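Peer 1: What follows is start-v3.csv, made up of CSV, C-alpha atoms and all ligand atoms:
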chain,number,residue,atom,x,y,z
A,1,MET,CA,-31.3,-27.0,-27.4
A,2,VAL,CA,-30.7,-27.6,-23.7
A,3,ARG,CA,-27.0,-27.7,-24.4
A,4,VAL,CA,-27.1,-24.4,-26.3
A,5,ILE,CA,-28.9,-22.7,-23.3
A,6,LYS,CA,-26.4,-24.3,-20.9
A,7,THR,CA,-23.5,-22.9,-22.9
A,8,HIS,CA,-25.1,-19.5,-23.0
A,9,ILE,CA,-25.7,-19.6,-19.2
A,10,PHE,CA,-22.1,-20.7,-18.7
A,11,ALA,CA,-20.7,-17.9,-20.9
A,12,PHE,CA,-22.9,-15.4,-19.1
A,13,LEU,CA,-21.7,-16.5,-15.7
A,14,VAL,CA,-18.0,-16.3,-16.9
A,15,LEU,CA,-18.6,-12.8,-18.1
A,16,LEU,CA,-20.4,-11.9,-14.9
A,17,LEU,CA,-17.5,-13.2,-12.9
A,18,LEU,CA,-14.9,-11.4,-15.0
A,19,PHE,CA,-16.9,-8.2,-14.7
A,20,SER,CA,-17.4,-8.5,-10.9
A,21,VAL,CA,-13.7,-9.2,-10.2
A,22,SER,CA,-12.2,-6.7,-12.7
A,23,TYR,CA,-12.4,-3.9,-10.0
A,24,ALA,CA,-10.6,-5.9,-7.4
A,25,LYS,CA,-7.1,-4.7,-8.2
A,26,PRO,CA,-4.5,-5.1,-5.5
A,27,HIS,CA,-2.2,-2.1,-4.6
A,28,ALA,CA,-4.7,0.3,-6.2
A,29,ILE,CA,-6.4,3.2,-4.6
A,30,TYR,CA,-9.8,4.3,-5.8
A,31,GLN,CA,-10.8,7.8,-4.8
A,32,TYR,CA,-14.2,9.4,-5.2
A,33,SER,CA,-13.9,13.2,-5.9
A,34,PRO,CA,-10.8,15.4,-5.4
A,35,LEU,CA,-10.4,16.5,-1.8
A,36,ASN,CA,-10.5,20.3,-2.6
A,37,SER,CA,-14.1,19.8,-3.7
A,38,LEU,CA,-15.0,18.6,-0.1
A,39,MET,CA,-12.8,21.3,1.4
A,40,SER,CA,-14.6,23.9,-0.6
A,41,GLY,CA,-18.0,22.8,0.7
A,42,VAL,CA,-19.3,20.1,-1.7
A,43,TYR,CA,-20.8,17.8,1.0
A,44,ASP,CA,-23.2,15.8,-1.1
A,45,GLY,CA,-22.0,13.2,-3.5
A,46,GLY,CA,-23.6,10.5,-5.7
A,47,LYS,CA,-21.4,7.6,-4.8
A,48,THR,CA,-22.9,4.9,-2.5
A,49,ILE,CA,-21.0,2.7,0.1
A,50,ALA,CA,-22.1,-0.3,-2.0
A,51,GLU,CA,-20.3,1.1,-5.0
A,52,LEU,CA,-17.2,1.9,-3.0
A,53,TYR,CA,-17.0,-1.8,-2.0
A,54,LYS,CA,-16.4,-2.7,-5.6
A,55,TYR,CA,-13.0,-0.9,-5.3
A,56,GLY,CA,-12.0,-1.7,-1.8
A,57,ASN,CA,-12.7,-3.2,1.6
A,58,PHE,CA,-10.4,-0.8,3.5
A,59,GLY,CA,-10.6,3.0,3.5
A,60,MET,CA,-11.9,6.3,4.8
A,61,GLY,CA,-13.8,9.4,3.9
A,62,THR,CA,-16.9,11.1,5.0
A,63,ILE,CA,-20.7,10.8,4.6
A,64,ASN,CA,-23.1,13.1,2.8
A,65,GLY,CA,-23.7,16.4,4.7
A,66,LEU,CA,-20.2,16.0,6.1
A,67,ASP,CA,-22.0,13.8,8.7
A,68,GLY,CA,-19.0,12.5,10.6
A,69,GLU,CA,-15.9,10.4,9.8
A,70,LEU,CA,-16.0,7.3,7.6
A,71,VAL,CA,-14.0,4.2,8.2
A,72,ILE,CA,-14.1,1.0,6.1
A,73,VAL,CA,-12.7,-2.1,7.7
A,74,LYS,CA,-12.9,-5.6,6.3
A,75,GLY,CA,-15.6,-4.5,3.9
A,76,GLN,CA,-17.8,-2.9,6.4
A,77,ALA,CA,-18.3,0.9,6.6
A,78,TYR,CA,-18.7,2.7,9.9
A,79,GLN,CA,-19.7,6.3,10.6
A,80,ILE,CA,-18.3,8.0,13.6
A,81,ARG,CA,-20.7,10.8,14.3
A,82,SER,CA,-19.9,14.1,16.0
A,83,ASP,CA,-21.8,12.9,19.1
A,84,GLY,CA,-19.3,10.1,19.4
A,85,GLN,CA,-21.7,7.3,18.3
A,86,VAL,CA,-20.4,4.7,15.8
A,87,VAL,CA,-23.0,3.6,13.3
A,88,LYS,CA,-22.7,0.6,11.0
A,89,LEU,CA,-23.6,1.9,7.6
A,90,ASN,CA,-25.7,0.1,4.9
A,91,GLY,CA,-24.8,0.1,1.3
A,92,ASN,CA,-27.2,2.8,0.1
A,93,THR,CA,-25.5,5.6,2.2
A,94,ASN,CA,-24.0,8.3,0.0
A,95,VAL,CA,-20.6,9.8,0.3
A,96,PRO,CA,-19.1,13.1,-1.1
A,97,PHE,CA,-15.5,11.9,-0.7
A,98,ALA,CA,-13.8,8.6,0.0
A,99,GLN,CA,-10.7,6.6,-0.8
A,100,VAL,CA,-10.5,2.8,-0.6
A,101,CYS,CA,-8.3,-0.1,-1.6
A,102,PHE,CA,-8.2,-3.9,-1.3
A,103,PHE,CA,-5.7,-3.8,1.5
A,104,THR,CA,-2.8,-6.1,0.6
A,105,PRO,CA,0.2,-5.3,2.8
A,106,GLN,CA,3.7,-6.4,1.6
A,107,LYS,CA,5.4,-5.3,4.8
A,108,SER,CA,4.7,-5.2,8.5
A,109,PHE,CA,6.6,-4.4,11.7
A,110,VAL,CA,5.8,-3.8,15.4
A,111,ILE,CA,6.0,-0.4,17.2
A,112,SER,CA,6.0,-0.4,21.0
A,113,GLY,CA,6.8,1.6,24.0
A,114,GLY,CA,4.8,4.8,24.2
A,115,VAL,CA,5.4,5.9,20.7
A,116,THR,CA,3.7,9.2,19.7
A,117,LEU,CA,2.0,9.9,16.4
A,118,GLU,CA,4.8,12.0,15.1
A,119,THR,CA,7.4,9.3,16.0
A,120,ALA,CA,5.2,6.6,14.5
A,121,LYS,CA,5.1,8.6,11.2
A,122,THR,CA,8.9,9.0,11.2
A,123,LEU,CA,9.3,5.2,11.8
A,124,ILE,CA,6.9,4.4,9.0
A,125,ASP,CA,8.7,6.9,6.7
A,126,SER,CA,12.0,5.0,7.4
A,127,LYS,CA,10.4,1.8,6.1
A,128,LEU,CA,9.1,3.2,2.8
A,129,LYS,CA,11.0,2.6,-0.4
A,130,SER,CA,9.9,6.0,-1.9
A,131,LYS,CA,7.9,9.1,-1.0
A,132,ASN,CA,6.7,9.3,-4.6
A,133,ILE,CA,4.0,6.7,-4.4
A,134,PHE,CA,0.9,6.2,-2.2
A,135,TYR,CA,0.7,3.8,0.7
A,136,ALA,CA,-2.3,2.3,2.6
A,137,ILE,CA,-1.5,1.8,6.3
A,138,ASN,CA,-3.0,-0.2,9.1
A,139,ILE,CA,-1.8,0.2,12.7
A,140,LYS,CA,-3.5,-2.4,14.9
A,141,GLY,CA,-3.0,-3.0,18.6
A,142,GLN,CA,-3.0,-1.3,22.0
A,143,PHE,CA,-3.0,2.4,22.4
A,144,GLU,CA,-2.3,4.3,25.6
A,145,TYR,CA,-4.1,7.3,24.2
A,146,VAL,CA,-6.0,8.3,21.1
A,147,LYS,CA,-7.3,11.8,20.4
A,148,ALA,CA,-9.8,11.8,17.6
A,149,ARG,CA,-12.3,14.1,16.2
A,150,SER,CA,-15.5,14.1,14.2
A,151,VAL,CA,-17.4,16.9,12.4
A,152,PRO,CA,-21.1,17.8,12.8
A,153,LYS,CA,-23.6,17.2,10.1
A,154,GLN,CA,-24.1,20.3,7.8
A,155,PHE,CA,-27.2,21.7,6.3
A,156,LYS,CA,-27.5,24.0,3.2
A,157,PRO,CA,-26.1,26.5,2.4
A,158,PHE,CA,-22.9,24.7,3.1
A,159,VAL,CA,-19.9,26.6,4.5
A,160,PRO,CA,-16.3,25.6,3.7
A,161,CYS,CA,-14.7,22.7,5.7
A,162,LEU,CA,-12.4,25.1,7.4
A,163,GLU,CA,-15.4,26.7,9.1
A,164,VAL,CA,-16.9,23.3,10.1
A,165,VAL,CA,-13.8,22.0,11.8
A,166,LYS,CA,-14.0,24.9,14.2
A,167,LYS,CA,-17.1,23.1,15.6
A,168,GLN,CA,-15.6,19.7,15.6
A,169,SER,CA,-16.0,17.3,18.6
A,170,VAL,CA,-12.9,15.9,20.1
A,171,PHE,CA,-12.8,12.5,21.8
A,172,GLU,CA,-9.9,11.4,24.1
A,173,LEU,CA,-9.7,7.6,24.5
A,174,VAL,CA,-7.3,6.1,27.1
A,175,THR,CA,-6.0,2.5,27.3
A,176,THR,CA,-7.8,1.4,24.3
A,177,GLU,CA,-7.5,-1.4,21.7
A,178,GLY,CA,-8.3,-0.8,18.0
A,179,GLN,CA,-6.9,0.1,14.7
A,180,VAL,CA,-5.8,3.0,12.6
A,181,ILE,CA,-6.8,3.0,8.9
A,182,GLY,CA,-5.0,5.4,6.7
A,183,PHE,CA,-3.1,6.5,3.7
A,184,ARG,CA,0.1,8.3,3.0
A,185,CYS,CA,0.0,10.5,-0.1
A,186,PRO,CA,3.0,12.1,-2.0
A,187,GLU,CA,3.6,15.9,-1.8
A,188,TYR,CA,2.7,16.4,-5.5
A,189,ILE,CA,-0.9,15.4,-5.0
A,190,LYS,CA,-2.0,18.7,-3.4
A,191,GLU,CA,-5.5,19.8,-4.2
A,192,ILE,CA,-6.6,16.2,-5.2
A,193,ASN,CA,-5.6,14.7,-1.8
A,194,SER,CA,-3.8,15.6,1.4
A,195,PRO,CA,0.0,15.1,1.2
A,196,GLY,CA,1.5,13.0,4.1
A,197,TYR,CA,-0.5,10.8,6.5
A,198,HIS,CA,-4.2,10.8,7.0
A,199,PHE,CA,-5.5,8.4,9.7
A,200,HIS,CA,-8.9,7.4,11.0
A,201,TYR,CA,-9.3,5.3,14.1
A,202,LEU,CA,-11.8,2.6,15.1
A,203,ASN,CA,-11.9,1.0,18.5
A,204,ASN,CA,-12.1,-2.9,18.6
A,205,ASP,CA,-15.6,-2.7,20.3
A,206,MET,CA,-16.7,-0.5,17.3
A,207,ARG,CA,-18.0,2.0,19.8
A,208,SER,CA,-15.6,4.9,19.3
A,209,GLY,CA,-13.2,6.4,16.8
A,210,GLY,CA,-12.7,9.3,14.5
A,211,HIS,CA,-10.1,11.3,12.5
A,212,VAL,CA,-6.8,10.9,14.4
A,213,LEU,CA,-5.4,14.1,15.9
A,214,ASN,CA,-2.9,12.4,18.1
A,215,LEU,CA,-2.1,9.0,19.7
A,216,ARG,CA,0.4,7.1,21.8
A,217,ILE,CA,1.1,3.4,20.9
A,218,VAL,CA,1.7,0.8,23.6
A,219,SER,CA,2.2,-2.0,21.1
A,220,ALA,CA,0.9,-2.3,17.6
A,221,GLU,CA,1.5,-4.0,14.3
A,222,VAL,CA,2.0,-1.6,11.4
A,223,SER,CA,1.1,-3.1,8.0
A,224,ILE,CA,2.0,-1.2,4.8
A,225,ASP,CA,0.6,-1.7,1.3
A,226,ALA,CA,2.7,0.1,-1.3
A,227,ILE,CA,0.3,1.4,-4.0
A,228,ASN,CA,1.1,1.4,-7.7
A,229,GLU,CA,-2.2,2.8,-9.1
A,230,TYR,CA,-4.3,5.8,-8.1
A,231,ASP,CA,-7.7,6.2,-9.7
A,232,VAL,CA,-9.9,9.3,-9.1
A,233,GLU,CA,-13.5,9.4,-10.2
A,234,PHE,CA,-15.0,12.8,-10.7
A,235,PRO,CA,-18.6,13.4,-9.6
A,236,GLN,CA,-20.9,14.1,-12.5
A,237,ASP,CA,-23.6,16.1,-10.6
A,238,ASN,CA,-24.1,19.8,-11.1
A,239,ILE,CA,-23.0,20.7,-7.5
A,240,PHE,CA,-19.5,19.4,-8.3
A,241,LEU,CA,-19.4,20.5,-11.9
A,242,GLN,CA,-20.4,24.1,-11.1
A,243,GLN,CA,-18.2,24.5,-8.0
A,244,ASP,CA,-15.3,26.9,-8.2
A,245,LEU,CA,-12.2,24.7,-7.5
A,246,SER,CA,-9.6,27.2,-8.8
A,247,GLY,CA,-8.4,28.0,-5.2
A,248,THR,CA,-5.7,26.1,-3.3
A,249,LEU,CA,-6.4,23.6,-0.6
A,250,GLN,CA,-6.1,25.7,2.5
A,251,TYR,CA,-6.8,23.0,5.1
A,252,LYS,CA,-5.0,19.8,5.7
A,253,PRO,CA,-7.5,17.3,7.1
A,301,ZN,ZN,-10.1,12.4,8.2
What would the structure in this file look like if it were written as structure tokens?
Ligand SMILES: [Zn+2]
Peer 2:
Amino acid sequence: MVRVIKTHIFAFLVLLLLFSVSYAKPHAIYQYSPLNSLMSGVYDGGKTIAELYKYGNFGMGTINGLDGELVIVKGQAYQIRSDGQVVKLNGNTNVPFAQVCFFTPQKSFVISGGVTLETAKTLIDSKLKSKNIFYAINIKGQFEYVKARSVPKQFKPFVPCLEVVKKQSVFELVTTEGQVIGFRCPEYIKEINSPGYHFHYLNNDMRSGGHVLNLRIVSAEVSIDAINEYDVEFPQDNIFLQQDLSGTLQYKP
């Protein structure tokens, strides 16, 4: 009898283990909600940070109410609020949009010597095997300058994102150390995500950051994870289901 119970417990633990690791796919992006939903003003979502962690320890997005910029680094989520404060988020915080992966870079190289954001993008482009797949990108090191923004928390009735960014806060950091967390999406993904690069920044002291508008790199290591799977989960709540998403994505974040 004892042996039977032990066997059952063992089988249960094996199943539990299989279930818990089944999400942890390398080179796979999990995205909650299409981006045009957020852009159109759907700022409340039913996905929690704890649920996002099942699909990745690295990523970005925003928080319910469009309350700032979200960065996930090494399995910890941070909110960069529009007042500039960085808040360590707990697992029960909800998000309306996010994309995460288990960052597993296959390639890395160093950029140095006052390289601007546009030049960095061109350099990264030259290292990519194709523009038809997604990439997760980490740029870690010293920055001469980082210009980042965050957006203020919204209250109902929500206005489209294009209106909110007119009230964004812009932070200019000089001589700073930290990391850029981001993704590069292919052109054909329009409406579901933003084609090209989308970067968020987090300072090493975890006290500043935001959505990257510009930067200049002193010296940094660029790591690239070529993605071979892209999963989108659609919200099931009425706000999303009833929203008119027939328009085109007017704003590139
Ligand atoms: Zn952003």
Peer 1: When you draw a straight line from atom CA of A:Gly84 to atom CA of A:Ser208, how long is it in Å?
Peer 2: 6.4 Å
Peer 1: Produce a table with one row for each residue of chain A that has an atom at most 8 Å from any atom of ligand ZN 301 (chain A), each row naming the nearest atom pair and its distance in Å at one decimal; use only C-alpha atoms and all ligand atoms; arrange rows by chain and rising residue number; format as CSV.
Peer 2:
residue,atom,partner,partner_atom,distance
A:Met60,CA,A:ZN301,ZN,7.2
A:Gly61,CA,A:ZN301,ZN,6.4
A:Thr62,CA,A:ZN301,ZN,7.6
A:Glu69,CA,A:ZN301,ZN,6.3
A:Leu70,CA,A:ZN301,ZN,7.8
A:His198,CA,A:ZN301,ZN,6.2
A:Phe199,CA,A:ZN301,ZN,6.3
A:His200,CA,A:ZN301,ZN,5.9
A:Gly210,CA,A:ZN301,ZN,7.5
A:His211,CA,A:ZN301,ZN,4.4
A:Val212,CA,A:ZN301,ZN,7.2
A:Pro253,CA,A:ZN301,ZN,5.7
Peer 1: For the residues in that selection, give me C-alpha atoms as a short mmCIF file (atom, residue, chain, number, x, y, z; two decimals), keeping the file's coordinate frame.
Peer 2:
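result_20.cif, written as the output of this step:
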data_model
loop_
_atom_site.label_atom_id
_atom_site.label_comp_id
_atom_site.auth_asym_id
_atom_site.auth_seq_id
_atom_site.Cartn_x
_atom_site.Cartn_y
_atom_site.Cartn_z
CA MET A 60 -11.90 6.30 4.80
CA GLY A 61 -13.80 9.40 3.90
CA THR A 62 -16.90 11.10 5.00
CA GLU A 69 -15.90 10.40 9.80
CA LEU A 70 -16.00 7.30 7.60
CA HIS A 198 -4.20 10.80 7.00
CA PHE A 199 -5.50 8.40 9.70
CA HIS A 200 -8.90 7.40 11.00
CA GLY A 210 -12.70 9.30 14.50
CA HIS A 211 -10.10 11.30 12.50
CA VAL A 212 -6.80 10.90 14.40
CA PRO A 253 -7.50 17.30 7.10
#
Peer 1: Quick one: distance from atom CA of A:Asp67 to atom CA of A:Asp44 in Å, one decimal?
Peer 2: 10.1 Å
Peer 1: Which residue out of A:Gln243, A:Ile192, A:Gln85, A:Asn132 has the minimum interatomic distance to A:Asp205 when all atoms listed in the file are used?
Peer 2: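 So, comparing all the options, the nearest one is A:Gln85.
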Peer 1: Separation of atom CA of A:Asn138 and atom CA of A:Asn64, in Å?
Peer 2: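 These atoms are spaced 24.9 Å apart.
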Peer 1: Of the candidates A:Leu202, A:Ala24, A:Ala50, A:Val170, which shows the shortest atom-to-atom distance to A:Gly141, using only C-alpha atoms?
Peer 2: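 The answer is A:Leu202, which sits nearest to A:Gly141.
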Peer 1: Measuring atom to atom with all atoms listed in the file, identify which of A:Gly114, A:Gly41, A:Pro26, A:Pro235 is nearest to A:Phe102.
Peer 2: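 Nearest to A:Phe102: A:Pro26.
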Peer 1: Quick one: everything within 12 Å of A:Leu241, counting only C-alpha atoms, minus sequence neighbours fewer than 6 positions away in the same chain. Send it as a list of chain:residue names.
Peer 2: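 With the cut-off at 12 Å, the set is A:Ser33, A:Pro34, A:Ser37, A:Val42, A:Gly45, A:Phe234, A:Pro235.
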Peer 1: Report, as JSON, the centre and edge lengths in Å (one decimal) of the axis-aligned box enclosing every listed atom of stretch 229-235 of chain A, padded by 8 Å on each side.
Peer 2:
{"center_x": -10.4, "center_y": 8.1, "center_z": -9.4, "size_x": 32.4, "size_y": 26.6, "size_z": 18.6}
Peer 1: Which residue out of A:Leu52, A:Ile80, A:Val100, A:Ile137 has the minimum interatomic distance to A:Ile181 when only C-alpha atoms are used?
Peer 2: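 Selected residue with least distance to A:Ile181: A:Ile137.
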Peer 1: Excluding A:Glu229 and its own-chain neighbours fewer than 6 positions away, which residues fall within 7 Å of it when counting all atoms listed in the file? Please give them as a list in words.
Peer 2: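 Once the nearby chain positions are removed, what remains is His27, Ala28 and Ile29 of chain A.
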Peer 1: Which polymer residues have any atom within 12 Å of an atom of A:Asp83, counting only C-alpha atoms, with same-chain residues fewer than 5 positions away left out, as a ChimeraX atom specification?
Peer 2: /A:67-69,149-153,167-171,207-210
Peer 1: Taking all atoms listed in the file into account, which of A:Tyr201, A:Tyr43, A:Tyr23, A:Tyr230 comes nearest A:Ala148?
Peer 2: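 Of all the options, A:Tyr201 lies closest to A:Ala148.
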Peer 1: Would you kindly return, as a PyMOL selection string, each protein, DNA or RNA residue with an atom no farther than 7 Å from any atom of A:Asn94, considering all atoms listed in the file and excluding same-chain residues fewer than 3 positions away?
Peer 2: chain A and resi 45-49+63-64
Peer 1: List the neighbours of A:Leu123 out to 12 Å using all atoms listed in the file; skip same-chain residues closer than 2 positions along the sequence, and give me the result as an MDAnalysis selection string.
Peer 2: chainID A and resid 108:112 115:121 125:128 222 224
